[in-house]
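Undergrad: File name final.txt; file contents compact mmCIF, C-alpha atoms; full text below.
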# COMPACT_ATOMS: atom_id res chain seq x y z
CA MET T 1 132.81 -211.33 -123.65
CA LYS T 2 133.93 -209.80 -120.38
CA LEU T 3 137.54 -210.37 -119.40
CA GLU T 4 136.55 -212.20 -116.21
CA GLU T 5 134.37 -214.60 -118.22
CA LEU T 6 137.23 -215.24 -120.63
CA LEU T 7 139.48 -215.86 -117.65
CA GLN T 8 137.08 -218.58 -116.49
CA VAL T 9 137.14 -220.13 -119.99
CA VAL T 10 140.96 -220.30 -119.80
CA VAL T 11 140.94 -221.88 -116.32
CA ASN T 12 138.28 -224.42 -117.33
CA ALA T 13 140.15 -225.37 -120.52
CA ALA T 14 143.38 -225.94 -118.60
CA ASP T 15 141.54 -228.00 -116.00
CA ASP T 16 139.90 -230.10 -118.75
CA LYS T 17 143.35 -231.42 -119.67
CA LYS T 18 144.28 -232.08 -116.02
CA ALA T 19 146.56 -229.06 -115.59
CA GLU T 20 148.00 -229.04 -112.10
CA ASP T 21 148.32 -226.19 -109.61
CA ILE T 22 146.35 -223.60 -111.59
CA SER T 23 147.12 -220.13 -110.25
CA VAL T 24 145.55 -216.83 -111.30
CA LEU T 25 147.29 -213.50 -110.66
CA ASP T 26 145.67 -210.07 -111.01
CA MET T 27 148.38 -208.15 -112.86
CA SER T 28 146.38 -204.95 -113.40
CA GLU T 29 148.07 -203.07 -110.55
CA VAL T 30 151.63 -204.32 -111.12
CA SER T 31 152.18 -204.63 -114.86
CA LEU T 32 151.23 -203.08 -118.16
CA ILE T 33 151.67 -206.30 -120.14
CA ALA T 34 148.50 -208.06 -118.96
CA ASP T 35 145.48 -207.80 -116.69
CA PHE T 36 145.77 -211.43 -115.58
CA PHE T 37 148.27 -214.27 -115.60
CA VAL T 38 147.05 -217.85 -115.54
CA ILE T 39 149.88 -220.16 -114.52
CA CYS T 40 149.62 -223.95 -114.59
CA GLU T 41 151.73 -227.02 -115.21
CA GLY T 42 151.77 -230.40 -116.81
CA SER T 43 153.88 -233.40 -115.94
CA ASN T 44 155.35 -233.97 -119.43
CA GLU T 45 155.73 -232.20 -122.77
CA ARG T 46 152.73 -233.88 -124.37
CA GLN T 47 150.44 -232.86 -121.53
CA VAL T 48 151.78 -229.28 -121.62
CA GLN T 49 150.99 -229.14 -125.35
CA ALA T 50 147.53 -230.65 -124.79
CA ILE T 51 146.74 -228.03 -122.14
CA ALA T 52 147.88 -225.20 -124.42
CA ARG T 53 145.89 -226.59 -127.34
CA SER T 54 142.79 -226.87 -125.13
CA VAL T 55 143.13 -223.25 -123.98
CA LYS T 56 143.63 -221.98 -127.54
CA GLU T 57 140.65 -223.93 -128.90
CA ALA T 58 138.34 -222.90 -126.03
CA VAL T 59 139.22 -219.22 -126.45
CA GLU T 60 138.69 -219.34 -130.21
CA LYS T 61 135.38 -221.18 -129.72
CA GLN T 62 134.22 -218.13 -127.74
CA GLY T 63 135.06 -215.92 -130.72
CA GLU T 64 138.14 -214.45 -129.05
CA GLU T 65 141.57 -214.19 -130.64
CA VAL T 66 144.80 -215.73 -129.45
CA THR T 67 147.25 -212.98 -130.36
CA ARG T 68 150.42 -214.97 -129.67
CA LEU T 69 151.39 -218.55 -128.89
CA GLU T 70 155.04 -219.26 -128.16
CA GLY T 71 156.99 -222.34 -127.11
CA PHE T 72 154.54 -224.95 -128.36
CA GLU T 73 157.12 -227.09 -130.15
CA SER T 74 159.32 -227.62 -127.09
CA GLY T 75 156.44 -228.20 -124.68
CA ARG T 76 158.44 -226.85 -121.73
CA TRP T 77 156.93 -223.37 -121.30
CA ILE T 78 154.10 -222.31 -123.58
CA LEU T 79 152.89 -218.73 -123.47
CA ILE T 80 149.40 -217.96 -124.77
CA ASP T 81 148.52 -214.27 -125.14
CA ILE T 82 144.78 -213.64 -125.15
CA ASN T 83 144.11 -209.88 -125.17
CA GLY T 84 144.69 -209.03 -121.51
CA ILE T 85 145.23 -212.56 -120.26
CA ILE T 86 148.56 -214.34 -120.53
CA CYS T 87 148.40 -218.06 -119.87
CA HIS T 88 151.70 -219.71 -118.94
CA VAL T 89 151.65 -223.49 -119.33
CA PHE T 90 154.79 -224.96 -117.81
CA HIS T 91 156.44 -228.31 -117.59
CA LYS T 92 156.66 -229.00 -113.86
CA GLU T 93 160.46 -228.58 -113.80
CA GLU T 94 160.37 -225.27 -115.68
CA ARG T 95 157.69 -223.83 -113.42
CA SER T 96 159.71 -224.35 -110.26
CA TYR T 97 162.80 -222.88 -111.94
CA TYR T 98 161.15 -219.67 -113.21
CA ASN T 99 158.73 -219.31 -110.25
CA LEU T 100 156.58 -216.54 -111.73
CA GLU T 101 154.41 -216.37 -108.61
CA ARG T 102 157.44 -215.25 -106.61
CA LEU T 103 158.73 -212.98 -109.36
CA TRP T 104 155.36 -211.22 -109.49
CA GLY T 105 154.81 -211.48 -105.73
CA ASP T 106 153.10 -208.07 -105.56
CA ALA T 107 150.24 -209.31 -107.76
CA ALA T 108 147.04 -210.31 -106.01
CA HIS T 109 146.19 -214.01 -106.15
CA ILE T 110 142.64 -214.73 -107.28
CA ASP T 111 140.81 -217.71 -105.91
CA MET T 112 139.35 -219.14 -109.09
CA LYS T 113 138.32 -222.75 -109.41
CA PRO T 114 137.26 -224.50 -112.60
CA SER T 115 133.57 -224.02 -113.53
CA GLN T 116 133.02 -221.37 -110.86
CA SER T 117 132.52 -217.65 -111.23
CA TYR T 118 135.17 -214.96 -110.89
CA GLU T 119 135.98 -213.97 -107.28
CA GLN T 120 138.76 -211.83 -105.88
Could you rewrite the structure in this file as structure tokens?
TA:
Amino acid sequence: MKLEELLQVVVNAADDKKAEDISVLDMSEVSLIADFFVICEGSNERQVQAIARSVKEAVEKQGEEVTRLEGFESGRWILIDINGIICHVFHKEERSYYNLERLWGDAAHIDMKPSQSYEQ
């Protein structure tokens, strides 16, 4: 599966669980740790966990491997590492505190909506 197709799977899975403010950053020019970041939020710990679970299951259903999943128990900031894509699922309060979009401000924002194709 192409990375851009997998990126769409991640965005769709987060949207399926009503993730809010889904943002996609192209990290390929600014970082060696990932090609893309998907950043989204939930309003409470249970929703954050449900979003992360949905992403993990959708990725695995496509035959891809989740190489790391951290922070699931707390449900405040869950990191899902998917071979080139890192999905950050935040509790709303944590997202505003860490503000990854500002921290990685040099990364290009990708306009990607659920169930649509990859566009930059």
Undergrad: Between T:Ile33, T:Asp21, T:Arg76, T:Asp81, single out the one closest to Tyr97 in chain T, counting only C-alpha atoms.
TA: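 Of T:Ile33, T:Asp21, T:Arg76, T:Asp81, the one nearest Tyr97 in chain T is T:Arg76, counting only C-alpha atoms.
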Undergrad: So, counting all atoms listed in the file, which residue among T:Val89, T:Leu3, T:Ile82, T:Leu103 is closest to Glu60 in chain T?
TA: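 Of all the options, T:Ile82 lies closest to Glu60 in chain T.
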Undergrad: For the atom pair CA of Arg53 in chain T and CA of Trp104 in chain T, what is the interatomic distance in Å to one decimal place?
TA: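 Separation between CA of Arg53 in chain T and CA of Trp104 in chain T: 25.4 Å.
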Undergrad: Pick the closest to His88 in chain T from T:Glu5, T:Glu41, T:Glu73, T:Glu57: which is it, counting all atoms listed in the file?
TA: T:Glu41
Undergrad: What's the separation between CA of Trp77 in chain T and CA of Val59 in chain T, in Å to one decimal place?
TA: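 It comes out at 18.9 Å.
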Undergrad: Choose the residue, out of T:Met112, T:Val38, T:Val66, T:Ala14, that has the smallest atom-to-atom separation from Asn83 in chain T; count all atoms listed in the file.
TA: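 Smallest distance to Asn83 in chain T is found for T:Val66.
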Undergrad: Kindly provide, as JSON, the centre and edge lengths (Å, one decimal) of an axis-aligned box around all atoms of range 20-30 of chain T given in the file, with 3 Å on each side.
TA:
{"center_x": 148.6, "center_y": -216.1, "center_z": -111.5, "size_x": 12.1, "size_y": 32.0, "size_z": 9.8}
Undergrad: Which residue gives the smallest distance to Ser23 in chain T among T:Ile51, T:Ser74, T:Phe37, T:Asn44, with all atoms listed in the file counted?
TA: T:Phe37
Undergrad: If you measure from CA of Glu94 in chain T to CA of Ala50 in chain T, what distance in Å do you get, rounded to one decimal?
TA: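 CA of Ala50 in chain T lies at a distance of 16.6 Å from CA of Glu94 in chain T.
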Undergrad: Give the answer as one residue: which of T:Ser115, T:Ser28, T:Gln49, T:Ser43 has the shortest atom-to-atom distance to Ile78 in chain T, using all atoms listed in the file?
TA: T:Gln49
Undergrad: Just want the 9 Å neighbourhood of Val11 in chain T, counted on only C-alpha atoms, with same-chain residues fewer than 2 positions away dropped. Output as a list in words.
TA: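 My reading of the contact set: Leu6, Leu7, Gln8, Val9, Ala13, Ala14, Asp15, Asp16, Ile22, Ser23, Val24, Val38, Val55, Met112, Lys113, Pro114 and Ser115 of chain T.
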Undergrad: Would you mind exporting C-alpha atoms of the selected residues as an mmCIF file, in the frame of the given file?
TA:
data_model
loop_
_atom_site.group_PDB
_atom_site.id
_atom_site.type_symbol
_atom_site.label_atom_id
_atom_site.label_comp_id
_atom_site.auth_asym_id
_atom_site.auth_seq_id
_atom_site.Cartn_x
_atom_site.Cartn_y
_atom_site.Cartn_z
ATOM 1 C CA LEU T 6 137.230 -215.240 -120.630
ATOM 2 C CA LEU T 7 139.480 -215.860 -117.650
ATOM 3 C CA GLN T 8 137.080 -218.580 -116.490
ATOM 4 C CA VAL T 9 137.140 -220.130 -119.990
ATOM 5 C CA ALA T 13 140.150 -225.370 -120.520
ATOM 6 C CA ALA T 14 143.380 -225.940 -118.600
ATOM 7 C CA ASP T 15 141.540 -228.000 -116.000
ATOM 8 C CA ASP T 16 139.900 -230.100 -118.750
ATOM 9 C CA ILE T 22 146.350 -223.600 -111.590
ATOM 10 C CA SER T 23 147.120 -220.130 -110.250
ATOM 11 C CA VAL T 24 145.550 -216.830 -111.300
ATOM 12 C CA VAL T 38 147.050 -217.850 -115.540
ATOM 13 C CA VAL T 55 143.130 -223.250 -123.980
ATOM 14 C CA MET T 112 139.350 -219.140 -109.090
ATOM 15 C CA LYS T 113 138.320 -222.750 -109.410
ATOM 16 C CA PRO T 114 137.260 -224.500 -112.600
ATOM 17 C CA SER T 115 133.570 -224.020 -113.530
#
Undergrad: Do you know which residues are at most 10 Å from Ala108 in chain T counting all atoms listed in the file, after dropping those on the same chain fewer than 6 positions away, and could you put them as a short mmCIF file (atom, residue, chain, number, x, y, z; two decimals) with C-alpha atoms, in the coordinates of the input?
TA:
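Writing the result to part37.cif gives the following:
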data_model
loop_
_atom_site.label_atom_id
_atom_site.label_comp_id
_atom_site.auth_asym_id
_atom_site.auth_seq_id
_atom_site.Cartn_x
_atom_site.Cartn_y
_atom_site.Cartn_z
CA VAL T 24 145.55 -216.83 -111.30
CA LEU T 25 147.29 -213.50 -110.66
CA ASP T 26 145.67 -210.07 -111.01
CA MET T 27 148.38 -208.15 -112.86
CA SER T 28 146.38 -204.95 -113.40
CA GLU T 29 148.07 -203.07 -110.55
CA VAL T 30 151.63 -204.32 -111.12
CA PHE T 36 145.77 -211.43 -115.58
CA GLU T 101 154.41 -216.37 -108.61
CA GLN T 120 138.76 -211.83 -105.88
#
